[in-house]
$ cat upload-v2.csv   # CSV, C-alpha atoms
chain,number,residue,atom,x,y,z
A,1,MET,CA,96.3,38.1,108.2
A,2,GLY,CA,99.8,39.1,107.5
A,3,ASP,CA,103.0,37.4,106.4
A,4,GLY,CA,104.2,36.8,110.0
A,5,SER,CA,105.2,33.4,111.0
A,6,GLY,CA,106.6,31.7,114.0
A,7,SER,CA,105.3,30.1,117.2
A,8,ILE,CA,101.7,29.3,117.7
A,9,LEU,CA,100.3,31.7,120.2
A,10,LYS,CA,97.5,29.8,121.8
A,11,ILE,CA,95.3,26.7,121.5
A,12,THR,CA,91.9,26.1,122.9
A,13,LEU,CA,90.3,22.6,123.1
A,14,ASP,CA,86.7,22.3,124.2
A,15,GLY,CA,87.0,25.6,126.0
A,16,ILE,CA,90.3,24.8,127.8
A,17,THR,CA,93.4,26.8,126.8
A,18,PHE,CA,96.7,25.0,126.7
A,19,ASP,CA,100.2,26.4,126.3
A,20,VAL,CA,101.9,25.5,123.1
A,21,MET,CA,105.6,24.7,123.1
A,22,ALA,CA,107.4,27.6,121.4
A,23,ASP,CA,109.2,25.2,119.0
A,24,SER,CA,106.0,23.4,118.0
A,25,ASN,CA,105.6,23.4,114.2
A,26,PHE,CA,102.0,22.6,113.4
A,27,ASN,CA,101.8,20.5,110.3
A,28,GLU,CA,98.5,21.4,108.6
A,29,THR,CA,97.0,19.3,105.9
A,30,GLY,CA,96.8,21.4,102.7
A,31,SER,CA,93.4,20.7,101.3
A,32,GLY,CA,90.4,18.5,101.9
A,33,PHE,CA,91.2,16.3,98.9
A,34,GLU,CA,94.0,14.1,97.8
A,35,ASN,CA,94.3,14.7,94.1
A,36,ASP,CA,95.5,12.3,91.4
A,37,ARG,CA,94.8,11.6,87.8
A,38,ILE,CA,93.6,8.4,86.2
A,39,ALA,CA,95.2,7.5,82.9
A,40,THR,CA,93.0,6.3,80.0
A,41,SER,CA,93.6,5.7,76.3
A,42,GLY,CA,92.3,9.2,75.9
A,43,LYS,CA,92.7,12.1,78.2
A,44,SER,CA,93.4,11.4,81.9
A,45,PHE,CA,90.8,12.5,84.3
A,46,LYS,CA,91.0,13.9,87.8
A,47,LYS,CA,90.5,11.6,90.8
A,48,MET,CA,89.7,13.5,94.0
A,49,THR,CA,89.7,11.5,97.2
A,50,LYS,CA,88.4,13.2,100.3
A,51,ARG,CA,90.6,13.4,103.3
A,52,VAL,CA,90.5,14.8,106.8
A,53,GLU,CA,92.3,18.1,107.2
A,54,LYS,CA,94.3,17.0,110.2
A,55,VAL,CA,96.8,19.2,112.0
A,56,GLU,CA,99.7,17.1,113.2
A,57,SER,CA,102.8,17.8,115.3
A,58,VAL,CA,100.8,19.8,117.8
A,59,ILE,CA,103.1,19.9,120.8
A,60,LEU,CA,101.7,21.2,124.0
A,61,LYS,CA,103.0,21.9,127.5
A,62,ALA,CA,101.3,19.2,129.6
A,63,ASN,CA,101.8,18.6,133.3
A,64,ALA,CA,100.0,15.6,134.9
A,65,ASN,CA,96.8,17.5,135.2
A,66,ASP,CA,96.9,18.6,131.5
A,67,LYS,CA,97.6,15.0,130.6
A,68,GLN,CA,94.4,14.0,132.3
A,69,GLN,CA,92.5,16.6,130.4
A,70,LEU,CA,94.0,15.6,127.1
A,71,LYS,CA,93.2,12.0,127.8
A,72,TYR,CA,89.6,12.9,128.6
A,73,LEU,CA,89.3,15.0,125.4
A,74,SER,CA,90.9,12.3,123.3
A,75,GLU,CA,88.5,9.7,124.6
A,76,LYS,CA,85.4,12.0,124.4
A,77,LEU,CA,82.8,10.6,122.0
A,78,GLU,CA,81.2,13.9,120.9
A,79,ASP,CA,83.0,16.4,118.8
A,80,PHE,CA,84.0,19.7,120.5
A,81,PRO,CA,85.2,23.1,119.4
A,82,MET,CA,88.9,23.7,118.9
A,83,SER,CA,90.8,26.7,117.8
A,84,TYR,CA,94.4,28.0,117.6
A,85,LYS,CA,96.0,31.4,117.0
A,86,THR,CA,98.9,31.6,114.7
A,87,ALA,CA,101.8,34.1,114.9
A,88,ASP,CA,100.2,36.5,112.4
A,89,GLY,CA,97.2,36.9,114.8
A,90,SER,CA,94.7,34.8,112.8
A,91,VAL,CA,92.4,32.4,114.6
A,92,ARG,CA,91.5,29.1,112.9
A,93,ARG,CA,88.6,27.1,114.3
A,94,ALA,CA,86.8,23.8,113.8
A,95,LYS,CA,84.7,21.2,115.5
A,96,GLY,CA,86.2,17.8,115.9
A,97,SER,CA,88.3,15.5,118.0
A,98,ILE,CA,91.9,15.0,119.0
A,99,TYR,CA,94.3,12.1,119.0
A,100,PHE,CA,96.6,12.2,122.0
A,101,GLU,CA,99.8,10.5,120.8
A,102,THR,CA,102.4,10.8,123.6
A,103,ARG,CA,103.6,12.8,126.6
A,104,GLU,CA,107.3,13.1,127.4
A,105,THR,CA,107.9,13.7,131.0
A,106,GLU,CA,111.4,15.2,130.7
A,107,GLU,CA,110.1,18.5,129.3
A,108,ASN,CA,106.3,17.9,129.9
A,109,ARG,CA,105.7,17.8,126.1
A,110,ALA,CA,102.5,16.2,124.8
A,111,THR,CA,102.0,15.5,121.1
A,112,ILE,CA,98.5,15.5,119.8
A,113,GLN,CA,96.8,15.7,116.4
A,114,LEU,CA,93.7,17.8,115.7
A,115,HIS,CA,91.0,16.1,113.6
A,116,PRO,CA,88.3,18.4,112.3
A,117,ALA,CA,84.9,17.0,111.5
A,118,ASN,CA,84.4,19.3,108.6
A,119,GLY,CA,87.6,21.3,107.8
A,120,TRP,CA,89.0,24.5,109.3
A,121,GLU,CA,87.6,27.9,109.1
A,122,GLU,CA,89.4,31.2,109.5
A,123,PHE,CA,87.5,33.2,112.2
A,124,VAL,CA,86.9,36.7,110.7
A,125,ALA,CA,85.0,38.9,113.2
B,1,MET,CA,64.4,73.7,127.7
B,2,GLY,CA,68.2,73.7,128.4
B,3,LYS,CA,70.8,73.4,125.7
B,4,LEU,CA,71.6,69.8,126.8
B,5,SER,CA,68.0,68.6,126.6
B,6,ARG,CA,67.6,70.3,123.2
B,7,THR,CA,70.6,68.5,121.9
B,8,LEU,CA,69.4,65.2,123.4
B,9,SER,CA,66.0,65.5,121.8
B,10,LYS,CA,67.6,66.3,118.5
B,11,LEU,CA,69.8,63.2,118.8
B,12,LYS,CA,66.8,61.1,119.8
B,13,LYS,CA,64.9,62.3,116.7
B,14,LEU,CA,67.9,61.6,114.4
B,15,LYS,CA,68.3,58.1,115.9
B,16,GLU,CA,64.7,57.3,115.4
B,17,GLU,CA,64.9,58.2,111.7
B,18,LYS,CA,67.5,55.4,111.2
B,19,PRO,CA,65.9,52.4,109.3
B,20,ASP,CA,64.5,49.7,111.5
B,21,ARG,CA,67.0,46.9,111.5
B,22,ASN,CA,64.9,44.6,113.8
B,23,LYS,CA,64.3,41.2,112.3
B,24,ILE,CA,62.0,39.8,115.0
B,25,SER,CA,59.3,41.3,117.3
B,26,GLU,CA,60.0,42.2,120.9
B,27,ASP,CA,57.7,39.3,122.0
B,28,SER,CA,59.8,36.8,120.0
B,29,ALA,CA,63.0,38.2,121.5
B,30,LEU,CA,61.5,38.0,125.0
B,31,GLU,CA,60.5,34.3,124.4
B,32,GLN,CA,64.1,33.5,123.6
B,33,ILE,CA,65.3,35.3,126.7
B,34,VAL,CA,62.8,33.4,128.8
B,35,GLU,CA,64.0,30.2,127.2
B,36,ILE,CA,67.5,31.0,128.5
B,37,LEU,CA,66.3,32.0,132.0
B,38,ASN,CA,64.2,28.8,132.3
B,39,TYR,CA,67.0,26.6,131.0
B,40,TYR,CA,69.4,27.9,133.6
B,41,ASN,CA,66.8,28.5,136.3
B,42,ILE,CA,67.8,32.2,136.6
B,43,PRO,CA,65.2,34.1,138.6
B,44,LEU,CA,64.0,37.3,137.0
B,45,GLU,CA,64.9,39.2,140.2
B,46,ARG,CA,68.6,38.4,139.7
B,47,LEU,CA,68.5,39.9,136.2
B,48,GLU,CA,66.8,43.0,137.7
B,49,ASP,CA,69.4,43.3,140.4
B,50,SER,CA,72.2,43.5,137.9
B,51,GLU,CA,70.6,46.7,136.5
B,52,LYS,CA,73.1,48.6,134.4
B,53,SER,CA,75.8,47.0,132.3
B,54,GLU,CA,79.1,48.8,131.9
B,55,ALA,CA,79.3,47.4,128.3
B,56,ALA,CA,76.2,48.9,126.8
B,57,GLY,CA,75.2,51.6,129.3
B,58,GLU,CA,71.7,50.3,129.5
B,59,SER,CA,69.9,47.5,131.4
B,60,ILE,CA,71.0,44.0,130.5
B,61,LEU,CA,67.4,43.1,129.6
B,62,ASP,CA,67.0,46.0,127.2
B,63,ALA,CA,70.3,45.3,125.6
B,64,LEU,CA,69.5,41.6,125.2
B,65,ILE,CA,66.1,42.3,123.7
B,66,GLY,CA,67.8,44.6,121.1
B,67,PHE,CA,70.5,42.0,120.2
B,68,PHE,CA,67.9,39.3,119.8
B,69,ARG,CA,65.6,41.5,117.8
B,70,ARG,CA,68.4,42.5,115.4
B,71,GLY,CA,69.3,38.9,114.9
B,72,GLN,CA,72.7,39.2,116.5
B,73,LEU,CA,71.7,36.5,119.0
B,74,GLU,CA,69.5,33.4,118.7
B,75,THR,CA,68.9,30.3,120.7
B,76,ARG,CA,69.1,26.8,119.4
B,77,VAL,CA,68.5,23.5,121.1
B,78,ASN,CA,70.9,20.9,119.8
B,79,GLU,CA,70.3,17.2,119.2
B,80,ASN,CA,71.2,16.4,122.8
B,81,GLY,CA,68.6,18.8,124.2
B,82,ILE,CA,71.3,21.4,125.2
B,83,LEU,CA,70.5,25.0,124.7
B,84,ASN,CA,73.1,26.8,122.6
B,85,ILE,CA,73.2,30.5,121.9
B,86,ILE,CA,74.4,31.6,118.5
B,87,GLN,CA,75.9,35.1,117.9
B,88,THR,CA,76.2,36.3,114.3
B,89,THR,CA,78.8,38.9,113.8
B,90,GLN,CA,78.8,41.7,111.2
B,91,SER,CA,81.0,39.6,108.9
B,92,GLY,CA,78.4,36.8,109.0
B,93,ALA,CA,80.6,34.5,111.2
B,94,LYS,CA,78.6,32.4,113.7
B,95,ILE,CA,79.8,32.0,117.3
B,96,GLU,CA,78.2,29.1,119.1
B,97,TYR,CA,78.2,29.4,122.9
B,98,GLN,CA,78.0,26.0,124.6
B,99,GLU,CA,76.3,25.2,127.9
B,100,VAL,CA,77.8,27.0,130.9
B,101,GLY,CA,79.6,24.6,133.2
B,102,SER,CA,82.3,24.5,135.9
B,103,ARG,CA,85.1,24.1,133.4
B,104,GLN,CA,84.2,27.3,131.6
B,105,LYS,CA,83.8,29.2,134.9
B,106,LYS,CA,87.2,28.0,136.2
B,107,VAL,CA,89.1,29.7,133.4
B,108,MET,CA,88.2,33.0,135.0
B,109,ASP,CA,90.2,32.1,138.2
B,110,LYS,CA,93.5,32.8,136.4
B,111,TYR,CA,92.7,36.5,136.0
B,112,GLY,CA,91.9,37.7,139.5
B,113,THR,CA,90.2,41.1,139.4
B,114,GLU,CA,90.9,41.9,135.8
B,115,ASN,CA,87.2,42.0,134.8
B,116,TYR,CA,87.4,42.2,131.1
B,117,LYS,CA,90.1,39.5,130.8
B,118,ARG,CA,88.0,37.3,133.0
B,119,LEU,CA,84.9,37.9,130.9
B,120,TYR,CA,86.7,37.3,127.6
B,121,ALA,CA,88.3,34.2,128.9
B,122,PHE,CA,84.9,32.9,130.0
B,123,LEU,CA,83.3,33.7,126.6
B,124,GLY,CA,86.3,32.3,124.8
B,125,SER,CA,85.9,29.1,126.7
B,126,LEU,CA,82.2,28.9,126.1
B,127,SER,CA,82.6,29.5,122.4
B,128,GLY,CA,85.8,27.4,122.0
B,129,LEU,CA,87.5,30.4,120.3
B,130,GLY,CA,89.6,31.3,123.2
B,131,SER,CA,89.8,34.8,124.6
B,132,ASP,CA,91.8,35.9,121.5
B,133,GLY,CA,88.8,35.1,119.3
B,134,ILE,CA,86.5,37.2,121.4
B,135,GLU,CA,89.0,40.1,121.4
B,136,LEU,CA,88.8,40.2,117.6
B,137,LEU,CA,85.1,41.2,117.8
B,138,LYS,CA,84.4,44.7,116.5
B,139,ALA,CA,82.7,47.3,118.5
B,140,GLY,CA,82.0,49.7,115.6
B,141,GLY,CA,80.6,49.2,112.1
B,142,VAL,CA,77.1,48.0,111.2
B,143,GLN,CA,76.6,46.5,114.7
B,144,ASN,CA,78.4,46.3,118.0
B,145,ASP,CA,79.6,42.7,118.2
B,146,LEU,CA,81.8,43.2,121.2
B,147,ALA,CA,79.0,44.7,123.4
B,148,CYS,CA,76.7,41.9,122.3
B,149,ALA,CA,79.2,39.3,123.5
B,150,GLU,CA,79.8,41.2,126.8
B,151,ILE,CA,76.1,41.4,127.5
B,152,LEU,CA,75.7,37.7,126.9
B,153,GLY,CA,78.7,37.1,129.2
B,154,THR,CA,77.1,39.2,131.9
B,155,LEU,CA,74.0,37.0,131.6
B,156,PHE,CA,76.0,33.8,131.7
B,157,LEU,CA,77.7,35.0,134.9
B,158,LEU,CA,74.3,34.9,136.6
B,159,VAL,CA,74.2,31.2,136.0
$ encode --input "upload-v2.csv" --output "C-alpha cells"
Amino acid sequence: MGDGSGSILKITLDGITFDVMADSNFNETGSGFENDRIATSGKSFKKMTKRVEKVESVILKANANDKQQLKYLSEKLEDFPMSYKTADGSVRRAKGSIYFETRETEENRATIQLHPANGWEEFVA
Amino acid sequence: MGKLSRTLSKLKKLKEEKPDRNKISEDSALEQIVEILNYYNIPLERLEDSEKSEAAGESILDALIGFFRRGQLETRVNENGILNIIQTTQSGAKIEYQEVGSRQKKVMDKYGTENYKRLYAFLGSLSGLGSDGIELLKAGGVQNDLACAEILGTLFLLV
C-alpha cells in the first residue's frame, strides 16, 4: 500500500463486479468502536461502544439490470463476500450485506452502503 | 547417459533432499478431491481428459494432490451443507471459494478468448475478491499461490 489516493478502481459484491463512479468518495468508518469517557468523582474511564464498520457513499454505475442485481443483493438474507480496490492498489474485503439507498436515472448512479459482519480486512497475498 | 539426463537426475536428487512440507497423507488429499468430484458430479474421465495444465506443467490431479497435501487447499462444508474450498496463501490469508454457479461462470463472457483474464475473473467471482485480488497472488516464495488458484480454477471449469 502506498500513499496514492483517488477513484476506487473496482468493487465486487457476491462475485459480481460493478463499475464505481469516478467521483465516488467512499466514506469508511474509522474503527469498530465509538469511544467516549465517563466522568466520575475520580478519574474518568473509557466507554467503548461497538459499531459496524460501514462504508457509506458508495456510488456505482447502475443500469436497469444492475439495479435488479443490487436489489437482490440488498434483500438477500445471507451474508456474502464483498471487496473493493482502492487507488493505491490495495484490496479490502469482508463478508456482510449492503443497503441499497437510491438510484438516479439521469446518470445511472446507485448509492449503496456496505455493512460488514465482522469488520474489514486488507487482503495481503 | 547424456548430459541432459545427468543434469535432470542431479536436479531430481537435489529436489528430493528438500524437507518434506506435506501436512497430510496422499490418501487424505485424495479423499478431499473425491469430495469435490462427488459434490459436483464430475466424472473422473473428464479430469483425465484435461491431462496437462499450462499453469503447473503437470497433470491437474497430481498438482491438486500436492496442493492439498501441503495444506494450501482444504475443503469445508458450511452450515448450509455447501462445499467450500479454502486456499491458504503464503502470507496466511484465507481465500474461500464459494459454490460454482451460473453467476460466476457468466463473468467470463466479458473476456472472449483471453484465457487468463477469464480464469482470474472466474476465480475472483468465486472468491468474492474480484480478479484484482487473484492477480495479487504470488507465484514465487515459499509456495506458488497463483498456480494453486489456477489449478483450482481449471478444476472448477469442469463443473
$ atom_distance --input "upload-v2.csv" --atom1 "atom CA of A:Phe26" --atom2 "atom CA of B:Arg103"
26.2 Å
$ closest_atom_pairs --input "upload-v2.csv" --of "chain A" --to "chain B" --cutoff "6 Å" --atoms "all atoms listed in the file" --output "Markdown table"
| residue | atom | partner | partner_atom | distance |
| --- | --- | --- | --- | --- |
| A:Thr12 | CA | B:Gly130 | CA | 5.7 |
| A:Asp14 | CA | B:Gly128 | CA | 5.6 |
| A:Gly15 | CA | B:Ser125 | CA | 3.7 |
| A:Pro81 | CA | B:Gly128 | CA | 5.1 |
| A:Met82 | CA | B:Gly128 | CA | 5.7 |
| A:Ser83 | CA | B:Leu129 | CA | 5.6 |
| A:Ala125 | CA | B:Leu137 | CA | 5.1 |
$ closest_residue --input "upload-v2.csv" --among "A:Lys85, A:Arg103, A:Lys54, A:Arg93" --to "A:Lys71" --atoms "all atoms listed in the file"
A:Arg103
$ atom_distance --input "upload-v2.csv" --atom1 "atom CA of B:Tyr40" --atom2 "atom CA of B:Val159"
6.3 Å
$ atom_distance --input "upload-v2.csv" --atom1 "atom CA of B:Ile36" --atom2 "atom CA of B:Lys117"
24.3 Å
$ residues_around --input "upload-v2.csv" --residues "A:Ser97" --least-positions-apart "4" --cutoff "8 Å" --atoms "all atoms listed in the file" --output "PyMOL selection string"
chain A and resi 73-74+76+78-80+114-117
$ residues_around --input "upload-v2.csv" --residues "B:Phe67" --least-positions-apart "2" --cutoff "12 Å" --atoms "all atoms listed in the file" --output "PDB file with C-alpha atoms, in the coordinates of the input"
ATOM      1  CA  ARG B  21      67.000  46.900 111.500  1.00  0.00           C
ATOM      2  CA  ASN B  22      64.900  44.600 113.800  1.00  0.00           C
ATOM      3  CA  LYS B  23      64.300  41.200 112.300  1.00  0.00           C
ATOM      4  CA  ILE B  24      62.000  39.800 115.000  1.00  0.00           C
ATOM      5  CA  SER B  25      59.300  41.300 117.300  1.00  0.00           C
ATOM      6  CA  GLU B  26      60.000  42.200 120.900  1.00  0.00           C
ATOM      7  CA  SER B  28      59.800  36.800 120.000  1.00  0.00           C
ATOM      8  CA  ALA B  29      63.000  38.200 121.500  1.00  0.00           C
ATOM      9  CA  LEU B  30      61.500  38.000 125.000  1.00  0.00           C
ATOM     10  CA  GLN B  32      64.100  33.500 123.600  1.00  0.00           C
ATOM     11  CA  ILE B  33      65.300  35.300 126.700  1.00  0.00           C
ATOM     12  CA  ALA B  56      76.200  48.900 126.800  1.00  0.00           C
ATOM     13  CA  ILE B  60      71.000  44.000 130.500  1.00  0.00           C
ATOM     14  CA  LEU B  61      67.400  43.100 129.600  1.00  0.00           C
ATOM     15  CA  ASP B  62      67.000  46.000 127.200  1.00  0.00           C
ATOM     16  CA  ALA B  63      70.300  45.300 125.600  1.00  0.00           C
ATOM     17  CA  LEU B  64      69.500  41.600 125.200  1.00  0.00           C
ATOM     18  CA  ILE B  65      66.100  42.300 123.700  1.00  0.00           C
ATOM     19  CA  ARG B  69      65.600  41.500 117.800  1.00  0.00           C
ATOM     20  CA  ARG B  70      68.400  42.500 115.400  1.00  0.00           C
ATOM     21  CA  GLY B  71      69.300  38.900 114.900  1.00  0.00           C
ATOM     22  CA  GLN B  72      72.700  39.200 116.500  1.00  0.00           C
ATOM     23  CA  LEU B  73      71.700  36.500 119.000  1.00  0.00           C
ATOM     24  CA  GLU B  74      69.500  33.400 118.700  1.00  0.00           C
ATOM     25  CA  THR B  75      68.900  30.300 120.700  1.00  0.00           C
ATOM     26  CA  ILE B  85      73.200  30.500 121.900  1.00  0.00           C
ATOM     27  CA  ILE B  86      74.400  31.600 118.500  1.00  0.00           C
ATOM     28  CA  GLN B  87      75.900  35.100 117.900  1.00  0.00           C
ATOM     29  CA  THR B  88      76.200  36.300 114.300  1.00  0.00           C
ATOM     30  CA  THR B  89      78.800  38.900 113.800  1.00  0.00           C
ATOM     31  CA  GLN B 143      76.600  46.500 114.700  1.00  0.00           C
ATOM     32  CA  ASN B 144      78.400  46.300 118.000  1.00  0.00           C
ATOM     33  CA  ASP B 145      79.600  42.700 118.200  1.00  0.00           C
ATOM     34  CA  LEU B 146      81.800  43.200 121.200  1.00  0.00           C
ATOM     35  CA  ALA B 147      79.000  44.700 123.400  1.00  0.00           C
ATOM     36  CA  CYS B 148      76.700  41.900 122.300  1.00  0.00           C
ATOM     37  CA  ALA B 149      79.200  39.300 123.500  1.00  0.00           C
ATOM     38  CA  GLU B 150      79.800  41.200 126.800  1.00  0.00           C
ATOM     39  CA  ILE B 151      76.100  41.400 127.500  1.00  0.00           C
ATOM     40  CA  LEU B 152      75.700  37.700 126.900  1.00  0.00           C
TER      41      LEU B 152
END
$ residues_near_point --input "upload-v2.csv" --point "(102.0, 22.1, 123.0)" --cutoff "8 Å" --atoms "all atoms listed in the file" --output "list in words"
Phe18, Asp19, Val20, Met21, Ala22, Ser24, Val58, Ile59, Leu60, Lys61, Ala62, Arg109, Ala110 and Thr111 of chain A
